[in-house]
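Have a look at data_3.cif; it's mmCIF, C-alpha atoms:
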```
data_data
#
loop_
_atom_site.group_PDB
_atom_site.id
_atom_site.type_symbol
_atom_site.label_atom_id
_atom_site.label_comp_id
_atom_site.auth_asym_id
_atom_site.auth_seq_id
_atom_site.Cartn_x
_atom_site.Cartn_y
_atom_site.Cartn_z
ATOM 1 C CA MET A 1 0.000 0.000 0.000
ATOM 2 C CA GLU A 2 1.201 3.514 -0.771
ATOM 3 C CA GLN A 3 2.543 5.365 2.248
ATOM 4 C CA SER A 4 -0.023 7.868 3.546
ATOM 5 C CA SER A 5 0.560 11.608 3.758
ATOM 6 C CA LEU A 6 0.571 11.305 7.569
ATOM 7 C CA ALA A 7 3.221 8.571 7.519
ATOM 8 C CA ARG A 8 5.420 10.539 5.102
ATOM 9 C CA ARG A 9 5.023 13.714 7.152
ATOM 10 C CA THR A 10 5.728 11.945 10.447
ATOM 11 C CA SER A 11 8.760 10.184 9.011
ATOM 12 C CA LYS A 12 10.210 13.458 7.691
ATOM 13 C CA ASN A 13 9.488 15.349 10.936
ATOM 14 C CA THR A 14 10.922 12.530 13.084
ATOM 15 C CA LYS A 15 14.158 12.602 11.084
ATOM 16 C CA GLN A 16 14.366 16.378 11.528
ATOM 17 C CA LEU A 17 13.737 16.025 15.267
ATOM 18 C CA ALA A 18 16.377 13.284 15.566
ATOM 19 C CA LEU A 19 18.879 15.440 13.662
ATOM 20 C CA TRP A 20 18.428 18.535 15.852
ATOM 21 C CA THR A 21 18.295 16.473 19.059
ATOM 22 C CA GLY A 22 21.567 14.808 18.046
ATOM 23 C CA LEU A 23 23.202 18.167 17.265
ATOM 24 C CA TRP A 24 21.935 19.598 20.556
ATOM 25 C CA LEU A 25 23.416 16.639 22.460
ATOM 26 C CA VAL A 26 26.762 17.014 20.679
ATOM 27 C CA SER A 27 26.823 20.755 21.461
ATOM 28 C CA LEU A 28 25.920 19.992 25.099
ATOM 29 C CA ALA A 29 28.822 17.534 25.283
ATOM 30 C CA LEU A 30 31.044 20.263 23.843
ATOM 31 C CA VAL A 31 29.970 22.659 26.614
ATOM 32 C CA ALA A 32 30.526 19.944 29.245
ATOM 33 C CA PHE A 33 33.854 18.523 28.088
ATOM 34 C CA GLY A 34 35.295 21.229 25.796
ATOM 35 C CA PRO A 35 36.754 23.406 28.602
ATOM 36 C CA THR A 36 38.709 20.510 30.106
ATOM 37 C CA LEU A 37 39.630 18.556 26.971
ATOM 38 C CA LEU A 38 39.819 21.082 24.131
ATOM 39 C CA TRP A 39 40.336 24.745 25.126
ATOM 40 C CA ASP A 40 41.597 24.745 28.730
ATOM 41 C CA TYR A 41 38.771 26.877 30.191
ATOM 42 C CA HIS A 42 39.194 29.710 27.660
ATOM 43 C CA LYS A 43 36.146 31.888 28.442
ATOM 44 C CA VAL A 44 35.460 33.099 24.891
ATOM 45 C CA MET A 45 35.434 29.514 23.602
ATOM 46 C CA SER A 46 33.084 28.458 26.416
ATOM 47 C CA VAL A 47 30.702 31.336 25.660
ATOM 48 C CA ILE A 48 30.712 30.407 21.943
ATOM 49 C CA ALA A 49 30.010 26.758 22.844
ATOM 50 C CA ILE A 50 27.113 27.825 25.101
ATOM 51 C CA CYS A 51 25.672 30.066 22.356
ATOM 52 C CA VAL A 52 25.877 27.203 19.854
ATOM 53 C CA ASN A 53 24.203 24.898 22.393
ATOM 54 C CA LEU A 54 21.368 27.384 22.964
ATOM 55 C CA LEU A 55 20.890 27.779 19.209
ATOM 56 C CA MET A 56 20.728 23.997 18.766
ATOM 57 C CA GLY A 57 18.280 23.868 21.684
ATOM 58 C CA VAL A 58 15.969 26.391 20.020
ATOM 59 C CA LYS A 59 16.127 24.442 16.734
ATOM 60 C CA MET A 60 15.329 21.223 18.621
ATOM 61 C CA ILE A 61 12.333 22.830 20.356
ATOM 62 C CA MET A 62 11.036 24.099 16.999
ATOM 63 C CA ALA A 63 11.549 20.658 15.425
ATOM 64 C CA ASN A 64 9.641 19.074 18.307
ATOM 65 C CA LYS A 65 6.784 21.566 17.905
ATOM 66 C CA HIS A 66 6.711 20.907 14.160
ATOM 67 C CA HIS A 67 6.719 17.154 14.811
ATOM 68 C CA LEU A 68 3.770 17.430 17.203
ATOM 69 C CA GLU A 69 1.804 19.620 14.781
ATOM 70 C CA GLY A 70 2.316 17.012 12.054
ATOM 71 C CA LEU A 71 0.717 14.207 14.067
ATOM 72 C CA ASP A 72 -2.949 13.322 13.792
ATOM 73 C CA GLU A 73 -5.404 14.468 16.459
ATOM 74 C CA LEU A 74 -5.345 11.283 18.571
ATOM 75 C CA GLN A 75 -1.549 11.162 18.540
ATOM 76 C CA GLN A 76 -1.502 14.810 19.630
ATOM 77 C CA ARG A 77 -3.867 13.981 22.481
ATOM 78 C CA ILE A 78 -1.660 11.056 23.562
ATOM 79 C CA HIS A 79 1.349 13.381 23.698
ATOM 80 C CA LEU A 80 -0.724 15.998 25.544
ATOM 81 C CA GLU A 81 -1.699 13.471 28.232
ATOM 82 C CA ALA A 82 1.920 12.302 28.552
ATOM 83 C CA MET A 83 3.100 15.925 28.823
ATOM 84 C CA ALA A 84 0.479 16.674 31.486
ATOM 85 C CA LEU A 85 1.741 13.769 33.596
ATOM 86 C CA SER A 86 5.370 14.692 32.989
ATOM 87 C CA LEU A 87 4.880 18.388 33.780
ATOM 88 C CA GLY A 88 2.839 17.665 36.905
ATOM 89 C CA CYS A 89 5.304 15.110 38.273
ATOM 90 C CA SER A 90 8.292 17.334 37.458
ATOM 91 C CA MET A 91 6.649 20.258 39.250
ATOM 92 C CA VAL A 92 5.791 18.211 42.361
ATOM 93 C CA PHE A 93 9.184 16.479 42.375
ATOM 94 C CA GLY A 94 11.058 19.733 41.614
ATOM 95 C CA ALA A 95 9.286 21.673 44.378
ATOM 96 C CA VAL A 96 10.187 19.192 47.111
ATOM 97 C CA TYR A 97 13.584 18.587 45.548
ATOM 98 C CA GLY A 98 14.478 22.266 45.930
ATOM 99 C CA LEU A 99 13.791 21.956 49.663
ATOM 100 C CA LEU A 100 16.078 18.986 50.286
ATOM 101 C CA ASP A 101 19.062 21.244 50.795
ATOM 102 C CA ALA A 102 17.088 23.794 52.862
ATOM 103 C CA VAL A 103 15.857 21.165 55.324
ATOM 104 C CA LYS A 104 19.382 19.736 55.436
ATOM 105 C CA LEU A 105 18.259 16.244 54.570
ATOM 106 C CA PHE A 106 21.420 15.796 52.527
ATOM 107 C CA ASP A 107 23.749 18.403 54.027
ATOM 108 C CA ASP A 108 26.993 16.652 53.141
ATOM 109 C CA VAL A 109 26.886 17.021 49.350
ATOM 110 C CA SER A 110 30.572 16.119 49.092
ATOM 111 C CA ASN A 111 29.529 12.574 49.986
ATOM 112 C CA PRO A 112 29.061 10.841 46.586
ATOM 113 C CA ALA A 113 25.978 9.006 47.867
ATOM 114 C CA ASN A 114 24.309 12.301 48.833
ATOM 115 C CA GLY A 115 25.632 14.114 45.750
ATOM 116 C CA LEU A 116 23.687 11.623 43.661
ATOM 117 C CA PHE A 117 20.459 12.793 45.315
ATOM 118 C CA VAL A 118 21.069 16.535 45.132
ATOM 119 C CA ASN A 119 22.143 16.636 41.467
ATOM 120 C CA PRO A 120 19.698 19.086 39.768
ATOM 121 C CA SER A 121 19.856 17.156 36.482
ATOM 122 C CA ASN A 122 17.878 14.391 38.227
ATOM 123 C CA ILE A 123 14.750 16.361 37.324
ATOM 124 C CA LEU A 124 15.428 15.483 33.669
ATOM 125 C CA PHE A 125 15.258 11.786 34.535
ATOM 126 C CA VAL A 126 11.932 12.305 36.312
ATOM 127 C CA MET A 127 10.666 14.237 33.284
ATOM 128 C CA GLY A 128 11.807 11.572 30.822
ATOM 129 C CA LEU A 129 10.550 8.624 32.850
ATOM 130 C CA THR A 130 7.126 10.140 33.520
ATOM 131 C CA TYR A 131 6.785 11.190 29.856
ATOM 132 C CA GLY A 132 7.526 7.602 28.820
ATOM 133 C CA LEU A 133 5.067 6.277 31.396
ATOM 134 C CA GLY A 134 2.450 8.778 30.199
ATOM 135 C CA MET A 135 2.908 7.681 26.577
ATOM 136 C CA PHE A 136 2.537 4.027 27.588
ATOM 137 C CA LEU A 137 -0.632 4.679 29.615
ATOM 138 C CA ALA A 138 -2.230 6.866 26.918
ATOM 139 C CA HIS A 139 -1.438 4.349 24.153
ATOM 140 C CA ARG A 140 -3.014 1.607 26.260
ATOM 141 C CA LYS A 141 -6.053 3.794 26.983
ATOM 142 C CA TYR A 142 -6.819 4.302 23.274
ATOM 143 C CA ALA A 143 -5.758 0.831 22.039
ATOM 144 C CA MET B 1 -20.230 8.431 21.254
ATOM 145 C CA LYS B 2 -21.343 5.499 19.111
ATOM 146 C CA ASN B 3 -20.663 5.415 15.392
ATOM 147 C CA ARG B 4 -21.259 3.364 12.255
ATOM 148 C CA LEU B 5 -17.715 3.591 10.984
ATOM 149 C CA LYS B 6 -17.061 -0.142 11.103
ATOM 150 C CA VAL B 7 -20.258 -0.928 9.176
ATOM 151 C CA LEU B 8 -19.628 1.724 6.535
ATOM 152 C CA ARG B 9 -16.064 0.548 6.161
ATOM 153 C CA ALA B 10 -17.152 -3.083 5.818
ATOM 154 C CA GLU B 11 -19.724 -2.142 3.148
ATOM 155 C CA ARG B 12 -16.876 -0.778 1.037
ATOM 156 C CA ASP B 13 -14.563 -3.648 1.918
ATOM 157 C CA TRP B 14 -11.984 -1.265 3.323
ATOM 158 C CA THR B 15 -9.502 -2.211 6.015
ATOM 159 C CA GLN B 16 -8.809 0.104 8.942
ATOM 160 C CA ALA B 17 -5.531 1.019 7.251
ATOM 161 C CA ASP B 18 -7.407 1.911 4.020
ATOM 162 C CA LEU B 19 -9.761 4.210 5.902
ATOM 163 C CA ALA B 20 -6.893 5.715 7.903
ATOM 164 C CA GLN B 21 -5.061 6.539 4.676
ATOM 165 C CA ARG B 22 -8.172 8.108 3.114
ATOM 166 C CA LEU B 23 -8.722 10.285 6.199
ATOM 167 C CA ASP B 24 -5.000 11.007 6.656
ATOM 168 C CA VAL B 25 -4.945 9.723 10.230
ATOM 169 C CA SER B 26 -3.200 6.792 11.913
ATOM 170 C CA ARG B 27 -4.771 3.328 12.064
ATOM 171 C CA GLN B 28 -4.719 3.696 15.853
ATOM 172 C CA THR B 29 -7.119 6.630 15.505
ATOM 173 C CA ILE B 30 -9.557 4.564 13.429
ATOM 174 C CA VAL B 31 -9.362 1.706 15.966
ATOM 175 C CA ALA B 32 -10.019 4.109 18.857
ATOM 176 C CA ILE B 33 -12.962 5.783 17.082
ATOM 177 C CA GLU B 34 -14.544 2.457 16.093
ATOM 178 C CA LYS B 35 -14.261 1.186 19.653
ATOM 179 C CA GLY B 36 -15.816 4.410 20.957
ATOM 180 C CA LYS B 37 -12.710 5.218 22.981
ATOM 181 C CA TYR B 38 -12.085 8.471 21.156
ATOM 182 C CA ASP B 39 -14.497 11.049 19.770
ATOM 183 C CA PRO B 40 -13.140 12.708 16.622
ATOM 184 C CA SER B 41 -12.898 16.458 16.215
ATOM 185 C CA LEU B 42 -15.556 18.250 14.188
ATOM 186 C CA THR B 43 -13.041 18.602 11.344
ATOM 187 C CA LEU B 44 -12.392 14.859 11.197
ATOM 188 C CA ALA B 45 -16.101 14.091 11.590
ATOM 189 C CA PHE B 46 -16.922 16.331 8.588
ATOM 190 C CA LYS B 47 -14.116 14.750 6.584
ATOM 191 C CA THR B 48 -15.479 11.289 7.415
ATOM 192 C CA ALA B 49 -18.998 12.344 6.440
ATOM 193 C CA ARG B 50 -17.742 13.674 3.091
ATOM 194 C CA LEU B 51 -15.806 10.474 2.446
ATOM 195 C CA PHE B 52 -18.865 8.290 3.010
ATOM 196 C CA ASP B 53 -21.179 10.862 1.409
ATOM 197 C CA GLN B 54 -23.451 10.894 4.437
ATOM 198 C CA ALA B 55 -24.562 13.385 7.072
ATOM 199 C CA ILE B 56 -22.477 13.514 10.240
ATOM 200 C CA GLU B 57 -25.435 12.454 12.392
ATOM 201 C CA ALA B 58 -25.912 9.400 10.172
ATOM 202 C CA ILE B 59 -22.419 8.227 11.108
ATOM 203 C CA PHE B 60 -21.889 9.523 14.645
ATOM 204 C CA LEU B 61 -24.683 8.925 17.134
ATOM 205 C CA ASP B 62 -24.924 11.091 20.235
ATOM 206 C CA GLU B 63 -25.866 8.714 23.049
ATOM 207 C CA THR B 64 -27.360 11.530 25.146
ATOM 208 C CA ASP B 65 -30.150 11.854 22.534
ATOM 209 C CA GLN B 66 -31.319 8.300 23.169
#
```
How does the structure come out when it is put into structure tokens?
Amino acid sequence: MEQSSLARRTSKNTKQLALWTGLWLVSLALVAFGPTLLWDYHKVMSVIAICVNLLMGVKMIMANKHHLEGLDELQQRIHLEAMALSLGCSMVFGAVYGLLDAVKLFDDVSNPANGLFVNPSNILFVMGLTYGLGMFLAHRKYA
Amino acid sequence: MKNRLKVLRAERDWTQADLAQRLDVSRQTIVAIEKGKYDPSLTLAFKTARLFDQAIEAIFLDETDQ
């Protein structure tokens, strides 16, 4: 059977999203490891790397928006439900997470075991995991 | 909301994938609509009505009317 307009559109948009996400990740790695491995903490180089990373981030966000707009209405709803779960959980988790240091639950952050808990990037894991869970639940709901 | 999508599709000997392609939606959307798990937007309902050359209310049945 001939590939539908939706399938062609989704395939094209997914490739674009993968491309910009990949470039964003590479530029993020450059910001993280460039100062130590490539330019010995030269400030101008670090600022350029950050600017490139932000630019890639904007392109990735636009690609994601374009990808979502290209989906059909049920697929958009599935993503909406997953985003609602992800945003809600990230907000609840992030709010209490910001208080961990204030209530001195993990006051010795130099301890690697505690440092693992107070790493702010953990919120990204919560966001990713809950988004994945939301997608699974919404797909099952409409299956 | 109930609908006659499955019957209309069967009358034309179309698969869910055939109908999905004609309406430019995913097969998952057709499955969800046929099972009554998802109510289509007005735009998709009009598109469906045009495809089957029928009135919207002849395809989609509002259960609150019954």
Explicit residue set for the PyMOL selection byres ((chain A) within 12 of (chain B)), as a PyMOL selection string
chain A and resi 1-10+70-78+138-143
What does the distance between atom CA of A:Ile50 and atom CA of A:Lys15 come to in Å, to one decimal place?
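So the two atoms, atom CA of A:Ile50 and atom CA of A:Lys15, lie 24.4 Å apart.
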Just the residues within 10 Å of A:Leu25, please, counting all atoms listed in the file, with nothing from its chain fewer than 6 positions along; format it as a ChimeraX atom specification.
/A:19,31,53,56-57
Find the axis-aligned box for stretch 30-41 of chain B, covering all its listed atoms and adding 4 Å on each side, and write its centre and edge lengths in Å to one decimal as AutoDock Vina command-line options.
```
--center_x -12.6 --center_y 8.8 --center_z 18.2 --size_x 14.5 --size_y 23.3 --size_z 17.6
```
Give me the residues near A:Leu85 as a list of chain:residue names, where near means some atom within 10 Å (using all atoms listed in the file) and where sequence neighbours in that chain fewer than 6 positions away do not count.
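Here the qualifying residues turn out to be A:His79, A:Met91, A:Met127, A:Thr130, A:Tyr131, A:Gly132, A:Leu133, A:Gly134, A:Met135.
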If the PyMOL selection byres ((chain B and resi 61) around 8) is run on the structure shown, which residues does it catch, given as a ChimeraX atom specification?
/B:1-3,57-60,62-63
Coordinates-based distance that separates atom CA of B:Leu19 from atom CA of B:Lys47 (Å, one decimal):
11.4 Å
Please, what distance in Å, to one decimal, runs between atom CA of B:Asp13 and atom CA of B:Phe46?
21.2 Å
Using only C-alpha atoms, which of A:Leu55, A:Val44, A:Leu87, A:Val103 sits nearest A:Trp24?
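Distance minimum relative to A:Trp24 lands on A:Leu55.
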